[in-house]
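**Student:** Please see the structure below; I have some questions.
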There are 2 protein chains.
Amino acid sequence: MNAFIVYAHPERKSFNGALLQRGVETLTGLGHDVKVSDLYAMKFDPVSDRRNFLQRKDPHTFKQQQEELHAAERNGFAAEIAVEMDKLRWCDLLIFQFPLWWFGLPGILKGWVDRVFAMGFAYGMGRWYSRGIFAGKRAMLCLTTGGPAPMYEPDGVNGDIEQILFPIQHGMLYFTGFSVLPPFIAWSVARVTDAERKAHLDAWGDRLCRAFDAEPMAFPPLEAYDEKFQLKRIP
Amino acid sequence: MNAFIVYAHPERKSFNGALLQRGVETLTGLGHDVKVSDLYAMKFDPVSDRRNFLQRKDPHTFKQQQEELHAAERNGFAAEIAVEMDKLRWCDLLIFQFPLWWFGLPGILKGWVDRVFAMGFAYGMGRWYSRGIFAGKRAMLCLTTGGPAPMYEPDGVNGDIEQILFPIQHGMLYFTGFSVLPPFIAWSVARVTDAERKAHLDAWGDRLCRAFDAEPMAFPPLEAYDEKFQLKRIP
């Protein structure tokens with residue numbers, strides 16, 4: 001199988017760097033092919049605007065989704081975006097690996113999504129959620145946090161981690177059709193012992209060994225919604 | 001009063017551009033001072049890493065929070081960050097104005113938060129949430145969506161907008177001590193009539209007229225949490 005890791009951390013000597021290395025080694029050892037987009041090493045530009053396109057449909061007023069549809073019909077995306085789209089087409093498993101910054105993706109990875117998940121390529125024309133374009137592919141998050149797990153439980157001061165990750169797991173990954181595996185979370189990595197870090201790395205390797213068999217998270221299919229896109233009431 | 005609008009849209013002729021203009025006119029007309037950071041016009045760089053700092057505490061291994069604390073003690077932030085910090089110190093009201101992209105902030109604005117909300121400046125040393133550094137200041141979101149409001153209700157296909165905005169309103173704004181006003185949301189702006197757009201603009205003006213009197217959103221204070229930072233049980 002083909003695995004694509006999008007990695008967003010500015011320091012390869014970090015624990016995120018160790019997780020990346022363990023991930024690549026584990027997947028390769030299992031016989032999978034692996035591609036990594038190391039966004040900081042690539043100096044990926046996360047600003048989404050006119051620069052996404054080789055030519056413009058409307059040179060006067062910039063409407064991003066119109067330009068995306070236009071570009072999708074004629075291979076009109078800038079080279080740095082087109083290569084990322086190719087990796088998405090190629091992969092069976094997509095992994096976002098990042099430190100949780102301000103309860104979300106680092107800006108460099110959020111901007112990667114803004115630019116690469118273009119209308120006409122990743123969604124559009126009725127292709128979303130359970131009819132999404134990437135149906136049949138799997139995706140999962142691998143993240144590290146500053147705070148310990150209790151802070152991210154439903155009664156924790158930071159709020160429920162499931163709620164915090166909802167815009168990413170539901171809004172980006174399920175929206176485009178991926179089957180979303182439960183996230184791998186290494187809690188409070190700056191404040192734990194070496195033995196705990198080793199345990200995190202081993203747990204990540206174990207999770208990857210089961211990535212193609214594990215049960216995805218459950219979300220309602222589009223058929224469960226009415227014409228206003230609200231859940232149907234039982235009559 | 002002093003209002004600071006952080007604006008993130010690549011096209012000034014957009015509806016976001018019209019909202020920005022109405023916001024500046026309304027606040028100025030009320031006698032307030034207004035500063036705008038137009039991130040696209042400024043070509044703001046949203047990548048957070050070594051470039052945030054004039055000098056490094058540890059030139060070998062990059063640990064962002066350590067470098068932030070070090071820089072906060074000696075005015076060591078890069079100039080483009082320091083000027084944004086000055087605007088945050090100056091303001092009584094902070095507004096993030098943006099199109100909702102992939103259920104969150106555009107990458108350029110997420111990266112602005114990553115870089116400017118530095119440890120030692122915006123939080124740290126026990127200063128967070130109800131003891132946050134920006135206590136006494138107000139903040140609110142002004143955003144546009146692609147889909148209509150029913151899609152963002154609790155039973156809607158996109159999920160509850162309150163849940164989608166939680167990482168921003170609770171995780172960024174309340175975390176740093178702001179009193180968070182209810183968001184202003186202009187729904188589905190690409191698909192509405194001119195009359196509806198005008199109504200959105202008027203509603204935004206009305207909201208700003210009440211921005212310094214309106215009731216903020218309610219969140220539990222830190223005193224409600226135990227030593228594990230989970231809500232205290234009633235004994």
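Labels for the structure tokens follow display order: chains A, B, ..., residues from 1 in each chain, ligands from 1.
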Which residues, written as a ChimeraX atom specification, have at least one atom at most 12 Å from B:Gln55, with only C-alpha atoms counted and residues fewer than 5 positions away on the same chain left out?
**Tutor:** /B:50,62,67-68,70-72,74-78
**Student:** Got a sec: who's within 10 Å of B:Asp226, counting only C-alpha atoms, leaving out chain neighbours fewer than 5 positions off, as a ChimeraX atom specification?
**Tutor:** /A:156-157 /B:231-233
**Student:** What does the distance from atom CA of A:Gly126 to atom CA of A:Met85 come to in Å, to one decimal?
**Tutor:** 19.7 Å
**Student:** Can you pull out the residues contacting B:Asp33? Cut-off 8 Å, using only C-alpha atoms, and skip same-chain residues under 3 positions away; I want them as a PyMOL selection string.
**Tutor:** chain B and resi 1-3+27-28
**Student:** Give the answer as one residue: which of A:Asp160, A:Glu227, A:Asp202, A:Asp49 has the shortest atom-to-atom distance to chain B, using only C-alpha atoms?
**Tutor:**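 That would be A:Asp49, the residue with the smallest distance to chain B.
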**Student:** Could you write out as a count of residues only the residues of chain B within 7 Å of chain A, counting only C-alpha atoms?
**Tutor:** 32
**Student:** Neighbours of B:Ile95 within 7 Å (only C-alpha atoms; same-chain residues fewer than 6 positions away dropped), as a PyMOL selection string?
**Tutor:** chain B and resi 4-6+139-142
**Student:** Since we have the selection now, will you write its residues out, keeping N, CA and C atoms, as a CSV table (one decimal), in the first residue's frame?
**Tutor:**
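Everything below was put into out_8.csv:
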```csv
chain,number,residue,atom,x,y,z
B,4,PHE,N,-8.7,46.8,16.9
B,4,PHE,CA,-7.6,46.2,16.1
B,4,PHE,C,-8.3,45.0,15.2
B,5,ILE,N,-8.3,45.2,13.9
B,5,ILE,CA,-8.9,44.2,13.0
B,5,ILE,C,-7.8,43.5,12.3
B,6,VAL,N,-7.8,42.2,12.5
B,6,VAL,CA,-6.8,41.4,11.7
B,6,VAL,C,-7.7,40.7,10.6
B,139,ALA,N,-12.8,40.5,22.4
B,139,ALA,CA,-12.4,40.0,21.0
B,139,ALA,C,-13.7,39.4,20.4
B,140,MET,N,-13.7,39.4,19.1
B,140,MET,CA,-14.8,38.7,18.4
B,140,MET,C,-14.4,38.3,17.0
B,141,LEU,N,-15.1,37.3,16.5
B,141,LEU,CA,-14.9,36.8,15.1
B,141,LEU,C,-15.9,37.4,14.2
B,142,CYS,N,-15.5,37.8,13.0
B,142,CYS,CA,-16.4,38.2,11.9
B,142,CYS,C,-16.0,37.4,10.7
```
**Student:** Residues at most 8 Å from A:Leu201, counting only C-alpha atoms, excluding those fewer than 4 positions away in the same chain, as a PyMOL selection string?
**Tutor:** chain A and resi 18-19+22+197+205
**Student:** DSSP on the backbone, helix (DSSP H, G or I) only: what residues of stretch 57-203 of chain B does that give? Format it as a ChimeraX atom specification.
**Tutor:** /B:64-73,79-90,107-116,129-131,149-152,161-174,189-191,194-203
